[in-house]
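The next block is protein_9.txt, given as compact mmCIF, C-alpha atoms.
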```txt
# COMPACT_ATOMS: atom_id res chain seq x y z
CA MET A 15 -184.86 -113.23 -74.57
CA ALA A 16 -188.14 -115.04 -74.24
CA VAL A 17 -189.03 -117.55 -76.91
CA VAL A 18 -192.28 -118.10 -78.72
CA ALA A 19 -193.50 -121.53 -77.65
CA ALA A 20 -194.95 -122.47 -81.03
CA ALA A 21 -191.70 -121.76 -82.86
CA MET A 22 -189.70 -123.87 -80.46
CA ALA A 23 -192.19 -126.72 -80.61
CA PHE A 24 -191.51 -127.09 -84.33
CA ALA A 25 -187.76 -126.68 -83.93
CA PHE A 26 -187.13 -129.49 -81.45
CA PRO A 27 -188.51 -132.89 -80.46
CA PRO A 28 -191.07 -132.70 -77.63
CA PRO A 29 -189.57 -132.90 -74.14
CA ALA A 30 -190.41 -135.63 -71.69
CA ARG A 31 -193.64 -134.68 -69.93
CA ALA A 32 -193.96 -134.33 -66.19
CA SER A 33 -196.30 -136.77 -64.56
CA GLU A 34 -199.92 -136.00 -65.33
CA MET A 35 -201.04 -137.66 -62.11
CA THR A 36 -200.31 -134.65 -59.91
CA LYS A 37 -200.56 -131.02 -60.88
CA VAL A 38 -198.12 -128.77 -59.08
CA ASP A 39 -197.45 -125.06 -59.18
CA PRO A 40 -194.85 -124.02 -61.77
CA LEU A 41 -191.29 -123.49 -60.69
CA LEU A 42 -190.25 -119.86 -60.42
CA ALA A 43 -186.94 -118.92 -62.05
CA TYR A 44 -186.37 -115.59 -60.32
CA GLY A 45 -182.72 -114.84 -61.11
CA ALA A 46 -180.07 -115.57 -63.72
CA ARG A 47 -176.50 -114.67 -64.58
CA ILE A 48 -173.94 -115.66 -67.18
CA ILE A 49 -170.17 -115.23 -67.16
CA GLY A 50 -167.25 -116.49 -69.19
CA ASP A 51 -165.53 -116.23 -72.53
CA ASP A 52 -165.20 -118.12 -75.80
CA ALA A 53 -163.55 -121.12 -74.12
CA ARG A 54 -165.63 -121.57 -70.95
CA THR A 55 -169.00 -120.11 -69.94
CA ARG A 56 -171.04 -120.56 -66.75
CA ILE A 57 -174.79 -120.03 -66.47
CA VAL A 58 -176.55 -119.89 -63.09
CA ILE A 59 -180.34 -119.77 -62.74
CA ASP A 60 -182.06 -119.27 -59.37
CA PHE A 61 -185.26 -121.26 -58.65
CA ASP A 62 -187.66 -121.17 -55.74
CA ARG A 63 -187.18 -124.93 -55.36
CA ALA A 64 -185.03 -127.68 -56.84
CA PRO A 65 -185.84 -128.26 -60.54
CA ASP A 66 -185.69 -131.58 -62.31
CA PHE A 67 -183.96 -131.15 -65.65
CA SER A 68 -182.52 -133.01 -68.61
CA ILE A 69 -179.85 -132.02 -71.11
CA HIS A 70 -179.71 -132.71 -74.85
CA TYR A 71 -177.54 -131.66 -77.77
CA ILE A 72 -178.69 -130.72 -81.28
CA ALA A 73 -176.52 -130.06 -84.33
CA ASN A 74 -176.77 -127.64 -87.27
CA PRO A 75 -176.36 -125.28 -85.52
CA GLU A 76 -174.86 -126.60 -82.31
CA ARG A 77 -177.34 -126.16 -79.47
CA VAL A 78 -177.72 -127.30 -75.89
CA VAL A 79 -181.30 -127.89 -74.76
CA ILE A 80 -182.31 -127.90 -71.09
CA ASP A 81 -185.78 -129.32 -70.46
CA LEU A 82 -187.59 -128.33 -67.28
CA PRO A 83 -190.98 -128.89 -65.64
CA ALA A 84 -193.50 -126.06 -65.91
CA THR A 85 -191.55 -122.92 -65.10
CA ALA A 86 -192.33 -119.23 -64.82
CA PHE A 87 -189.35 -117.11 -65.88
CA GLY A 88 -189.46 -114.02 -63.71
CA PHE A 89 -186.02 -112.45 -64.20
CA PRO A 90 -185.20 -109.55 -66.56
CA ALA A 91 -184.27 -110.69 -70.07
CA GLY A 92 -180.98 -108.81 -69.89
CA ASP A 93 -179.81 -111.01 -67.01
CA LEU A 94 -179.42 -113.97 -69.38
CA GLU A 95 -178.23 -112.17 -72.48
CA ALA A 96 -176.03 -114.34 -74.73
CA ARG A 97 -172.28 -114.05 -74.29
CA GLY A 98 -169.16 -116.19 -74.13
CA LEU A 99 -169.67 -119.48 -75.96
CA PHE A 100 -173.29 -118.69 -76.80
CA LYS A 101 -174.65 -116.38 -79.47
CA ASP A 102 -178.34 -116.81 -78.63
CA ILE A 103 -180.26 -117.89 -75.52
CA ARG A 104 -184.00 -118.54 -75.56
CA TYR A 105 -186.32 -119.82 -72.87
CA GLY A 106 -190.01 -120.22 -72.27
CA LYS A 107 -193.04 -122.43 -71.84
CA MET A 108 -193.47 -125.50 -74.06
CA ASP A 109 -196.86 -126.65 -72.78
CA GLU A 110 -198.73 -126.78 -69.46
CA ASP A 111 -196.23 -129.22 -67.99
CA SER A 112 -192.87 -128.23 -69.42
CA ALA A 113 -190.49 -125.42 -70.25
CA ARG A 114 -187.23 -125.24 -72.14
CA ILE A 115 -183.99 -123.29 -72.36
CA VAL A 116 -182.11 -123.36 -75.66
CA LEU A 117 -178.46 -122.29 -75.82
CA THR A 118 -177.23 -121.73 -79.37
CA ALA A 119 -173.46 -121.96 -79.45
CA LYS A 120 -170.84 -120.14 -81.51
CA LYS A 121 -168.85 -123.37 -81.79
CA PRO A 122 -169.17 -127.00 -80.61
CA VAL A 123 -169.62 -127.14 -76.84
CA LYS A 124 -170.33 -129.60 -74.08
CA LEU A 125 -171.61 -129.18 -70.56
CA GLU A 126 -168.89 -130.34 -68.23
CA MET A 127 -171.03 -129.65 -65.19
CA ALA A 128 -174.80 -129.51 -64.78
CA LYS A 129 -176.09 -129.65 -61.23
CA VAL A 130 -178.62 -128.23 -58.78
CA GLN A 131 -177.48 -127.01 -55.39
CA ALA A 132 -179.23 -125.31 -52.50
CA ASP A 133 -178.69 -121.62 -51.88
CA GLU A 134 -176.59 -120.74 -48.86
CA ASP A 135 -179.62 -119.23 -47.11
CA GLY A 136 -181.72 -122.33 -47.75
CA LYS A 137 -184.47 -120.35 -49.49
CA GLY A 138 -184.03 -121.70 -53.00
CA HIS A 139 -181.90 -123.69 -55.42
CA ARG A 140 -179.52 -122.92 -58.26
CA LEU A 141 -179.13 -124.69 -61.57
CA ILE A 142 -175.46 -124.38 -62.51
CA LEU A 143 -174.30 -125.11 -66.05
CA ASP A 144 -170.60 -125.03 -66.96
CA ALA A 145 -169.97 -125.18 -70.72
CA ALA A 146 -166.61 -125.70 -72.39
CA MET A 147 -165.59 -125.66 -76.02
CA THR A 148 -165.01 -129.00 -77.70
CA ASP A 149 -164.35 -130.17 -81.26
CA LYS A 150 -166.87 -131.15 -83.94
CA ASP A 151 -166.26 -134.89 -83.64
CA LYS A 152 -166.79 -134.93 -79.88
CA PHE A 153 -169.94 -132.84 -80.26
CA ALA A 154 -171.22 -135.26 -82.88
CA ASP A 155 -170.57 -138.12 -80.44
CA LEU A 156 -172.64 -136.31 -77.81
CA VAL A 157 -175.53 -135.98 -80.25
CA LYS A 158 -175.35 -139.66 -81.23
CA ALA A 159 -174.98 -141.01 -77.69
CA GLN A 160 -177.89 -139.21 -76.08
CA SER A 161 -181.39 -140.48 -75.50
CA TRP A 162 -184.29 -138.03 -75.42
CA SER A 163 -186.09 -140.35 -73.00
CA ASP A 164 -183.21 -140.23 -70.54
CA PRO A 165 -184.42 -137.86 -67.79
CA SER A 166 -181.00 -136.70 -66.59
CA PRO A 167 -178.00 -137.77 -68.68
CA GLN A 168 -175.56 -135.14 -67.38
CA PRO A 169 -172.99 -136.05 -64.72
CA THR A 170 -172.29 -133.85 -61.72
CA THR A 171 -168.67 -132.81 -61.41
CA GLY A 172 -166.52 -130.16 -59.79
CA ALA A 173 -166.21 -126.58 -61.00
CA ILE A 174 -163.04 -127.46 -62.92
CA PRO A 175 -163.49 -130.97 -64.35
CA ALA A 176 -160.33 -133.00 -63.94
CA PRO A 177 -159.01 -134.09 -67.34
CA GLU A 178 -158.77 -137.81 -67.89
CA LYS A 179 -155.24 -139.16 -67.81
CA PRO A 180 -153.93 -140.21 -71.22
CA VAL A 181 -154.16 -143.95 -71.76
CA SER A 182 -150.73 -144.10 -73.38
CA GLY A 183 -148.93 -142.80 -70.31
CA ASP A 184 -147.03 -140.31 -72.47
CA PHE A 185 -145.88 -137.02 -70.97
CA ILE A 186 -147.95 -134.54 -72.99
CA ILE A 187 -146.75 -131.03 -73.77
CA ALA A 188 -148.73 -128.16 -75.33
CA VAL A 189 -146.48 -125.96 -77.45
CA ASP A 190 -148.19 -122.61 -77.98
CA ALA A 191 -147.17 -120.31 -80.83
CA GLY A 192 -148.03 -116.85 -79.59
CA HIS A 193 -150.28 -114.53 -81.63
CA GLY A 194 -151.63 -115.56 -85.06
CA GLY A 195 -154.19 -114.53 -87.62
CA ILE A 196 -155.32 -110.93 -87.22
CA ASP A 197 -153.02 -110.62 -84.18
CA THR A 198 -149.58 -110.26 -85.80
CA GLY A 199 -147.69 -109.53 -82.60
CA ALA A 200 -144.41 -107.58 -82.74
CA ILE A 201 -142.66 -106.55 -85.97
CA GLY A 202 -138.94 -107.07 -86.64
CA VAL A 203 -136.87 -103.90 -86.63
CA ASP A 204 -134.87 -104.87 -89.73
CA THR A 205 -136.77 -107.46 -91.74
CA LYS A 206 -140.29 -106.47 -90.63
CA THR A 207 -140.89 -110.15 -89.86
CA GLN A 208 -144.07 -110.65 -87.84
CA GLU A 209 -143.88 -112.24 -84.41
CA LYS A 210 -146.68 -114.68 -85.23
CA ASP A 211 -144.48 -116.24 -87.96
CA VAL A 212 -141.42 -116.44 -85.71
CA THR A 213 -143.35 -118.13 -82.90
CA LEU A 214 -145.03 -120.64 -85.23
CA ALA A 215 -141.69 -121.67 -86.76
CA PHE A 216 -140.19 -122.14 -83.27
CA ALA A 217 -143.25 -124.00 -82.00
CA LYS A 218 -143.13 -126.45 -84.90
CA ALA A 219 -139.40 -127.00 -84.43
CA LEU A 220 -139.80 -127.62 -80.70
CA ALA A 221 -142.78 -129.96 -81.09
CA ASP A 222 -140.90 -131.98 -83.75
CA ARG A 223 -137.84 -132.24 -81.50
CA LEU A 224 -139.86 -133.24 -78.43
CA ASN A 225 -141.72 -135.89 -80.39
CA ARG A 226 -138.42 -137.64 -81.13
CA GLU A 227 -138.12 -138.44 -77.42
CA THR A 228 -139.54 -141.70 -76.10
CA GLY A 229 -142.48 -141.19 -73.77
CA ILE A 230 -143.03 -137.55 -74.76
CA LYS A 231 -145.89 -136.34 -76.92
CA ALA A 232 -146.00 -132.69 -77.99
CA PHE A 233 -148.79 -130.94 -79.88
CA LEU A 234 -149.36 -127.42 -81.20
CA THR A 235 -152.17 -125.19 -79.99
CA ARG A 236 -152.15 -123.72 -83.50
CA SER A 237 -150.46 -125.20 -86.56
CA ASP A 238 -151.18 -122.42 -89.05
CA ASP A 239 -151.77 -118.68 -89.25
CA SER A 240 -155.02 -118.69 -87.30
CA PHE A 241 -156.20 -116.66 -84.33
CA LEU A 242 -156.80 -118.28 -80.95
CA SER A 243 -158.02 -116.34 -77.96
CA LEU A 244 -155.94 -116.58 -74.80
CA SER A 245 -158.60 -118.64 -73.05
CA GLU A 246 -158.87 -121.00 -76.03
CA ARG A 247 -155.14 -121.72 -75.80
CA VAL A 248 -155.50 -122.60 -72.13
CA GLU A 249 -158.54 -124.78 -72.75
CA ILE A 250 -156.89 -126.63 -75.65
CA ALA A 251 -154.00 -127.54 -73.33
CA ARG A 252 -156.35 -128.79 -70.61
CA GLN A 253 -158.61 -130.76 -72.93
CA ASN A 254 -155.62 -132.53 -74.43
CA HIS A 255 -154.40 -133.48 -70.94
CA ALA A 256 -151.18 -131.49 -71.19
CA GLY A 257 -148.68 -131.90 -68.38
CA LEU A 258 -146.83 -128.78 -69.51
CA PHE A 259 -147.72 -125.63 -71.46
CA ILE A 260 -144.95 -123.64 -73.18
CA SER A 261 -145.96 -120.41 -74.91
CA MET A 262 -143.46 -118.97 -77.42
CA HIS A 263 -143.02 -115.21 -77.96
CA ALA A 264 -140.58 -112.68 -79.46
CA ASP A 265 -141.56 -109.21 -78.32
CA THR A 266 -140.23 -105.71 -78.99
CA LEU A 267 -139.01 -103.07 -76.54
CA LYS A 268 -138.39 -99.35 -76.81
CA GLN A 269 -134.86 -99.99 -75.56
CA LYS A 270 -133.25 -101.43 -78.69
CA ASP A 271 -130.11 -102.53 -76.85
CA ILE A 272 -131.91 -105.05 -74.61
CA ARG A 273 -131.61 -108.57 -75.93
CA GLY A 274 -131.71 -112.19 -74.80
CA ALA A 275 -134.20 -114.79 -73.67
CA THR A 276 -136.53 -114.54 -70.68
CA VAL A 277 -138.78 -117.10 -68.98
CA TYR A 278 -142.01 -115.88 -67.38
CA THR A 279 -144.34 -117.59 -64.93
CA ILE A 280 -147.71 -116.39 -63.69
CA SER A 281 -148.16 -114.27 -60.60
CA ASP A 282 -150.79 -111.90 -59.24
CA LYS A 283 -148.06 -109.30 -58.79
CA ALA A 284 -145.48 -108.53 -61.49
CA SER A 285 -141.82 -108.98 -60.60
CA ASP A 286 -140.92 -105.67 -62.26
CA LYS A 287 -142.15 -103.03 -64.70
CA LEU A 288 -140.77 -104.85 -67.75
CA ALA A 289 -142.75 -107.96 -66.85
CA ALA A 290 -145.88 -105.94 -66.07
CA ASP A 291 -145.72 -104.06 -69.37
CA LEU A 292 -145.17 -107.24 -71.34
CA ALA A 293 -148.11 -108.98 -69.64
CA ASP A 294 -150.34 -105.98 -70.36
CA ARG A 295 -149.41 -106.10 -74.06
CA GLU A 296 -149.83 -109.86 -74.37
CA ASN A 297 -153.18 -109.73 -72.58
CA LEU A 298 -154.47 -107.32 -75.26
CA SER A 299 -154.37 -110.11 -77.84
CA ASP A 300 -158.11 -110.83 -77.57
CA GLN A 301 -159.04 -107.15 -77.95
CA ILE A 302 -156.95 -106.88 -81.12
CA ALA A 303 -159.15 -109.57 -82.65
CA GLY A 304 -162.35 -107.96 -81.41
CA LYS A 305 -162.89 -110.55 -78.68
CA GLU A 306 -164.46 -109.56 -75.38
CA THR A 307 -162.11 -109.95 -72.44
CA VAL A 308 -164.06 -110.93 -69.34
CA ALA A 309 -162.83 -110.20 -65.84
CA GLU A 310 -164.25 -112.90 -63.60
CA PRO A 311 -165.86 -111.58 -60.40
CA PRO A 312 -164.49 -112.92 -57.10
CA GLU A 313 -167.46 -115.16 -56.41
CA VAL A 314 -166.77 -117.27 -59.51
CA ALA A 315 -163.01 -117.33 -59.35
CA ASP A 316 -163.18 -121.08 -58.75
CA ILE A 317 -163.92 -121.54 -62.47
CA LEU A 318 -160.29 -120.72 -63.26
CA LEU A 319 -158.38 -121.07 -60.00
CA ASP A 320 -158.90 -123.91 -57.57
CA LEU A 321 -156.89 -125.46 -54.78
CA THR A 322 -154.32 -126.86 -57.22
CA ARG A 323 -153.08 -123.41 -58.22
CA ARG A 324 -150.26 -123.10 -55.69
CA GLU A 325 -148.86 -126.51 -56.51
CA THR A 326 -149.10 -125.77 -60.22
CA GLN A 327 -147.26 -122.47 -59.75
CA ALA A 328 -144.47 -124.31 -57.94
CA PHE A 329 -144.16 -126.74 -60.84
CA SER A 330 -144.13 -123.82 -63.29
CA ILE A 331 -141.25 -122.22 -61.40
CA SER A 332 -139.39 -125.54 -61.45
CA LEU A 333 -139.84 -125.72 -65.23
CA ALA A 334 -138.60 -122.13 -65.63
CA GLU A 335 -135.49 -122.92 -63.61
CA SER A 336 -134.86 -126.04 -65.67
CA VAL A 337 -135.08 -124.00 -68.90
CA LEU A 338 -132.63 -121.39 -67.62
CA THR A 339 -130.22 -124.10 -66.45
CA SER A 340 -130.20 -125.57 -69.95
CA PHE A 341 -129.59 -122.09 -71.43
CA LYS A 342 -126.57 -121.38 -69.21
CA ASP A 343 -123.46 -120.61 -71.32
CA GLN A 344 -125.48 -121.61 -74.41
CA VAL A 345 -128.10 -118.90 -74.91
CA GLY A 346 -127.92 -115.23 -73.99
CA THR A 347 -130.50 -114.08 -71.46
CA ILE A 348 -131.50 -110.72 -70.06
CA ASN A 349 -130.70 -109.71 -66.49
CA ASN A 350 -132.90 -111.57 -64.00
CA PRO A 351 -134.11 -113.94 -66.72
CA HIS A 352 -136.87 -115.55 -64.63
CA ARG A 353 -139.65 -113.00 -64.19
CA HIS A 354 -143.35 -113.20 -63.44
CA ALA A 355 -146.58 -111.29 -64.07
CA GLY A 356 -150.30 -111.83 -64.65
CA PHE A 357 -150.25 -113.46 -68.08
CA ARG A 358 -153.74 -114.72 -68.97
CA VAL A 359 -152.31 -117.39 -71.26
CA LEU A 360 -150.60 -118.99 -68.22
CA GLN A 361 -153.76 -119.17 -66.12
CA ALA A 362 -154.50 -122.93 -66.34
CA PRO A 363 -154.96 -123.97 -62.71
CA ASP A 364 -153.72 -127.52 -63.23
CA VAL A 365 -151.13 -127.27 -66.05
CA PRO A 366 -147.62 -126.00 -65.21
CA SER A 367 -147.02 -123.19 -67.71
CA VAL A 368 -144.28 -120.83 -68.83
CA LEU A 369 -144.08 -118.05 -71.38
CA LEU A 370 -140.73 -118.10 -73.16
CA GLU A 371 -139.52 -114.83 -74.62
CA LEU A 372 -137.09 -116.20 -77.22
CA GLY A 373 -135.53 -112.81 -77.83
CA PHE A 374 -136.52 -109.34 -78.95
CA LEU A 375 -137.43 -108.44 -82.53
CA SER A 376 -136.57 -104.85 -81.59
CA ASN A 377 -132.88 -105.82 -81.35
CA LYS A 378 -131.05 -106.42 -84.65
CA ASP A 379 -128.81 -109.15 -83.25
CA ASP A 380 -131.69 -111.01 -81.65
CA GLU A 381 -133.73 -110.66 -84.83
CA LYS A 382 -130.99 -112.36 -86.86
CA LEU A 383 -130.88 -115.27 -84.44
CA LEU A 384 -134.66 -115.62 -84.34
CA LEU A 385 -134.69 -116.09 -88.12
CA ASP A 386 -131.75 -118.51 -88.19
CA ASP A 387 -132.70 -122.17 -88.72
CA ALA A 388 -129.57 -123.51 -87.02
CA TRP A 389 -130.11 -121.38 -83.92
CA ARG A 390 -133.76 -122.41 -83.83
CA GLY A 391 -132.71 -126.06 -83.88
CA ARG A 392 -130.22 -125.53 -81.06
CA MET A 393 -132.88 -123.81 -78.97
CA ALA A 394 -135.24 -126.73 -79.56
CA ASP A 395 -132.51 -129.13 -78.36
CA LEU A 396 -131.89 -127.12 -75.20
CA LEU A 397 -135.59 -126.80 -74.41
CA THR A 398 -136.04 -130.53 -74.92
CA GLU A 399 -133.25 -131.20 -72.43
CA ALA A 400 -134.94 -128.82 -70.00
CA VAL A 401 -138.24 -130.68 -70.35
CA LYS A 402 -136.53 -134.04 -69.83
CA HIS A 403 -134.76 -132.74 -66.72
CA TYR A 404 -138.03 -131.35 -65.36
CA ARG A 405 -139.84 -134.62 -66.02
CA THR A 406 -137.11 -136.67 -64.33
CA ALA A 407 -137.22 -134.42 -61.26
CA MET A 408 -141.01 -134.66 -61.07
CA VAL A 409 -140.94 -138.46 -61.32
CA ALA A 410 -138.24 -138.63 -58.63
CA ASN A 411 -140.47 -136.53 -56.36
CA GLY A 412 -143.49 -138.71 -57.03
CA GLY A 413 -145.13 -136.32 -59.51
```

Could you render the structure from this file as structure tokens?
Amino acid sequence: MAVVAAAMAFAFPPPARASEMTKVDPLLAYGARIIGDDARTRIVIDFDRAPDFSIHYIANPERVVIDLPATAFGFPAGDLEARGLFKDIRYGKMDEDSARIVLTAKKPVKLEMAKVQADEDGKGHRLILDAAMTDKDKFADLVKAQSWSDPSPQPTTGAIPAPEKPVSGDFIIAVDAGHGGIDTGAIGVDTKTQEKDVTLAFAKALADRLNRETGIKAFLTRSDDSFLSLSERVEIARQNHAGLFISMHADTLKQKDIRGATVYTISDKASDKLAADLADRENLSDQIAGKETVAEPPEVADILLDLTRRETQAFSISLAESVLTSFKDQVGTINNPHRHAGFRVLQAPDVPSVLLELGFLSNKDDEKLLLDDAWRGRMADLLTEAVKHYRTAMVANGG
């Protein structure tokens, strides 16, 4: 959506001017596209030649401003229609020497990559902007730290920025309580207890138990009855430098006699119909809350899956095996208790992740256990032992 230059001139400080010594033809922005969701969003703009640019942040509301030299925007407005992290995108001429793009965000964001690269055919250049959600304090720090006279404050990084390692050296674990808020999850067959309450109680118990171990630091992706999209859960784990991600669930099945725990890892192909059906249901979480689920096209798959994926999958399988070893003769499990399918909540390319089905709310016996404080505590103990065993094995193997 094109912006009226006069309105934008009043809304923001003036951008740094291009040199007045030499007049050059305006850049031509001839193509644009935007992909992503409410955790990560990528914007790509095609130019006829490499653009100089600078990035700034403005609060109330949160906005990202990209200042450019004189630019003619020649692509259809619909090609850069707001989506993902952004609720409004405006662009246009500021004066004879400058242009501007303004991205108004739905929540605090930061650009984790901003770079220009040549097209494969050598006929033009692309400006690539990768935005990720952040928290209010970090966004405020970005606003305070910037200088409007700085011509190019943004670093150039890879498509998936590597999280900084925690200074403390603690082994950090993200404990994810499945569902929440408008997404209630499954309903207990007897007590009508909602899955979101069961998973939150288990997540809190597990995080508390893990935090009693030296060198381990656990945190909750959600600590109350609030909704998080699947991609937000993944991004929260990555931004907090998690070394493990454990998502807690308690589903229902049509077959009321099936009971016991199951551990799931991610895979492009489901291990069986039960796993496929469960993944399909869990992946509907965003739609239940009215969120748009975005299927990433093949050419941008590197945003979510990079070369670390295979190694991460191997670590996830190792964690699953460690959990099932700790459960042996202690916790009932279903047949073939390690299964796999395409769970979106397990998609972090660099964080080993498992989805733990604690039991089934559709089974009366499982339901009783899921609501029992003593059983919950025993499960937390067993899972903690599994995490410790996994960590010891990883350290022994140089991980």

Quick one: which range 185-273 of chain A residues come within 9 Å of range 147-153 of chain A, and what is the nearest atom pair for each with the distance in Å to one decimal, counting all atoms listed in the file, rows ordered by chain and ascending number, as CSV?
```
residue,atom,partner,partner_atom,distance
A:Glu246,CA,A:Met147,CA,8.2
A:Glu249,CA,A:Met147,CA,7.8
A:Ile250,CA,A:Thr148,CA,8.7
A:Gln253,CA,A:Thr148,CA,8.2
```

Inset, instruction - Between CA of His354 in chain A and CA of Leu234 in chain A, measure the distance and give it in Å to one decimal. - result: 23.5 Å

What are the centre and the three edge lengths of an axis-aligned box that wraps all atoms of range 277-281 of chain A in the file, given that 8 Å is added to every side, written as lines of an AutoDock Vina configuration file and rounded to one decimal in Å?
```
center_x = -143.5
center_y = -115.9
center_z = -64.8
size_x = 25.4
size_y = 19.3
size_z = 24.4
```

Legend entry - Polymer residues at most 7 Å from Ala46 in chain A, all atoms listed in the file, same-chain spacing of 6 or more positions, as a ChimeraX atom specification: /A:58-60,89,93-94

Export of the given selection (C-alpha atoms) as a PDB file, keeping the file's coordinate frame:
```pdb
ATOM      1  CA  VAL A  58    -176.550-119.890 -63.090  1.00  0.00           C
ATOM      2  CA  ILE A  59    -180.340-119.770 -62.740  1.00  0.00           C
ATOM      3  CA  ASP A  60    -182.060-119.270 -59.370  1.00  0.00           C
ATOM      4  CA  PHE A  89    -186.020-112.450 -64.200  1.00  0.00           C
ATOM      5  CA  ASP A  93    -179.810-111.010 -67.010  1.00  0.00           C
ATOM      6  CA  LEU A  94    -179.420-113.970 -69.380  1.00  0.00           C
TER       7      LEU A  94
END
```

Legend entry - Distance query Ile201 in chain A at most 9 Å, all atoms listed in the file, self and fewer than 3 positions along chain excluded, as a list in words: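 The residues that qualify are Thr198, Asp204, Thr205, Lys206, Thr207, Gln208, Glu209, Asp265, Thr266, Leu375 and Ser376 of chain A.
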
Can those selected residues be exported to a file as a PDB file, in the frame of the given file so that it contains C-alpha atoms?
```pdb
ATOM      1  CA  THR A 198    -149.580-110.260 -85.800  1.00  0.00           C
ATOM      2  CA  ASP A 204    -134.870-104.870 -89.730  1.00  0.00           C
ATOM      3  CA  THR A 205    -136.770-107.460 -91.740  1.00  0.00           C
ATOM      4  CA  LYS A 206    -140.290-106.470 -90.630  1.00  0.00           C
ATOM      5  CA  THR A 207    -140.890-110.150 -89.860  1.00  0.00           C
ATOM      6  CA  GLN A 208    -144.070-110.650 -87.840  1.00  0.00           C
ATOM      7  CA  GLU A 209    -143.880-112.240 -84.410  1.00  0.00           C
ATOM      8  CA  ASP A 265    -141.560-109.210 -78.320  1.00  0.00           C
ATOM      9  CA  THR A 266    -140.230-105.710 -78.990  1.00  0.00           C
ATOM     10  CA  LEU A 375    -137.430-108.440 -82.530  1.00  0.00           C
ATOM     11  CA  SER A 376    -136.570-104.850 -81.590  1.00  0.00           C
TER      12      SER A 376
END
```

Legend entry - Among listed residues A:Val203, A:Glu76, A:Ala188, A:Ile115, nearest Ala154 in chain A (using only C-alpha atoms):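 Smallest distance to Ala154 in chain A is found for A:Glu76.
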
Inset, instruction - Tell me, in Å to one decimal, how far CA of Ala113 in chain A is from CA of Gly50 in chain A. - result: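 Calculated distance between CA of Ala113 in chain A and CA of Gly50 in chain A is 24.9 Å.
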
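Our summary of the geometry notes that CA of Ala362 in chain A is positioned 25.1 Å from CA of Met393 in chain A.
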
Quick one: residues within 12 Å of Asp211 in chain A, all atoms listed in the file counted, chain neighbours fewer than 3 positions away excluded, as an mmCIF file with C-alpha atoms, keeping the file's coordinate frame?
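Done, and the output landed in around-v5.cif:
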```cif
data_model
loop_
_atom_site.group_PDB
_atom_site.id
_atom_site.type_symbol
_atom_site.label_atom_id
_atom_site.label_comp_id
_atom_site.auth_asym_id
_atom_site.auth_seq_id
_atom_site.Cartn_x
_atom_site.Cartn_y
_atom_site.Cartn_z
ATOM 1 C CA ALA A 191 -147.170 -120.310 -80.830
ATOM 2 C CA GLY A 192 -148.030 -116.850 -79.590
ATOM 3 C CA HIS A 193 -150.280 -114.530 -81.630
ATOM 4 C CA GLY A 194 -151.630 -115.560 -85.060
ATOM 5 C CA GLY A 195 -154.190 -114.530 -87.620
ATOM 6 C CA ASP A 197 -153.020 -110.620 -84.180
ATOM 7 C CA THR A 198 -149.580 -110.260 -85.800
ATOM 8 C CA GLY A 199 -147.690 -109.530 -82.600
ATOM 9 C CA ALA A 200 -144.410 -107.580 -82.740
ATOM 10 C CA ILE A 201 -142.660 -106.550 -85.970
ATOM 11 C CA GLY A 202 -138.940 -107.070 -86.640
ATOM 12 C CA LYS A 206 -140.290 -106.470 -90.630
ATOM 13 C CA THR A 207 -140.890 -110.150 -89.860
ATOM 14 C CA GLN A 208 -144.070 -110.650 -87.840
ATOM 15 C CA LEU A 214 -145.030 -120.640 -85.230
ATOM 16 C CA ALA A 215 -141.690 -121.670 -86.760
ATOM 17 C CA PHE A 216 -140.190 -122.140 -83.270
ATOM 18 C CA ALA A 217 -143.250 -124.000 -82.000
ATOM 19 C CA LYS A 218 -143.130 -126.450 -84.900
ATOM 20 C CA ARG A 236 -152.150 -123.720 -83.500
ATOM 21 C CA SER A 237 -150.460 -125.200 -86.560
ATOM 22 C CA ASP A 238 -151.180 -122.420 -89.050
ATOM 23 C CA ASP A 239 -151.770 -118.680 -89.250
ATOM 24 C CA SER A 240 -155.020 -118.690 -87.300
ATOM 25 C CA MET A 262 -143.460 -118.970 -77.420
ATOM 26 C CA HIS A 263 -143.020 -115.210 -77.960
ATOM 27 C CA ALA A 264 -140.580 -112.680 -79.460
ATOM 28 C CA LEU A 375 -137.430 -108.440 -82.530
ATOM 29 C CA LEU A 384 -134.660 -115.620 -84.340
ATOM 30 C CA LEU A 385 -134.690 -116.090 -88.120
#
```

Legend entry - Among the residues A:Ile142, A:Ala64, A:Ala407, A:Met127, the one that comes closest to Ile48 in chain A [using all atoms listed in the file]: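 Distance minimum relative to Ile48 in chain A lands on A:Ile142.
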
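Shortest atom-to-atom contact with Glu381 in chain A among A:Lys231, A:Lys270, A:Lys120, A:His255: A:Lys270, counting all atoms listed in the file.
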
Inset, instruction - Check the smallest atom-to-atom distance from each of A:Asp52, A:Glu134, A:Lys129, A:Val157 to His70 in chain A using only C-alpha atoms, then report the winner. - result: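 Of the candidates, the smallest distance to His70 in chain A is held by A:Val157.
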
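These residues, each with an atom at most 8 Å from (-143.8, -126.3, -71.2) using only C-alpha atoms, are Ile187, Ala188, Val189, Gly257, Leu258, Phe259, Ile260, Ser261, Leu333, Pro366, Ser367, Val368 and Val401 of chain A.
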
Legend entry - Nearest-residue call for Phe329 in chain A, choices A:Thr213, A:Phe241, A:Tyr404, A:Asp39, using only C-alpha atoms: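 Looking at the shortest contact to Phe329 in chain A, the residue is A:Tyr404.
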
Legend entry - For Lys342 in chain A: contacts at 12 Å, all atoms listed in the file, fewer than 3 positions along chain excluded, given as a list in words: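 What passes the distance filter is Gly274, Ala275, Glu335, Ser336, Val337, Leu338, Thr339, Val345, Gly346, Thr347, Ile348, Pro351, Met393, Leu396, Leu397 and Ala400 of chain A.
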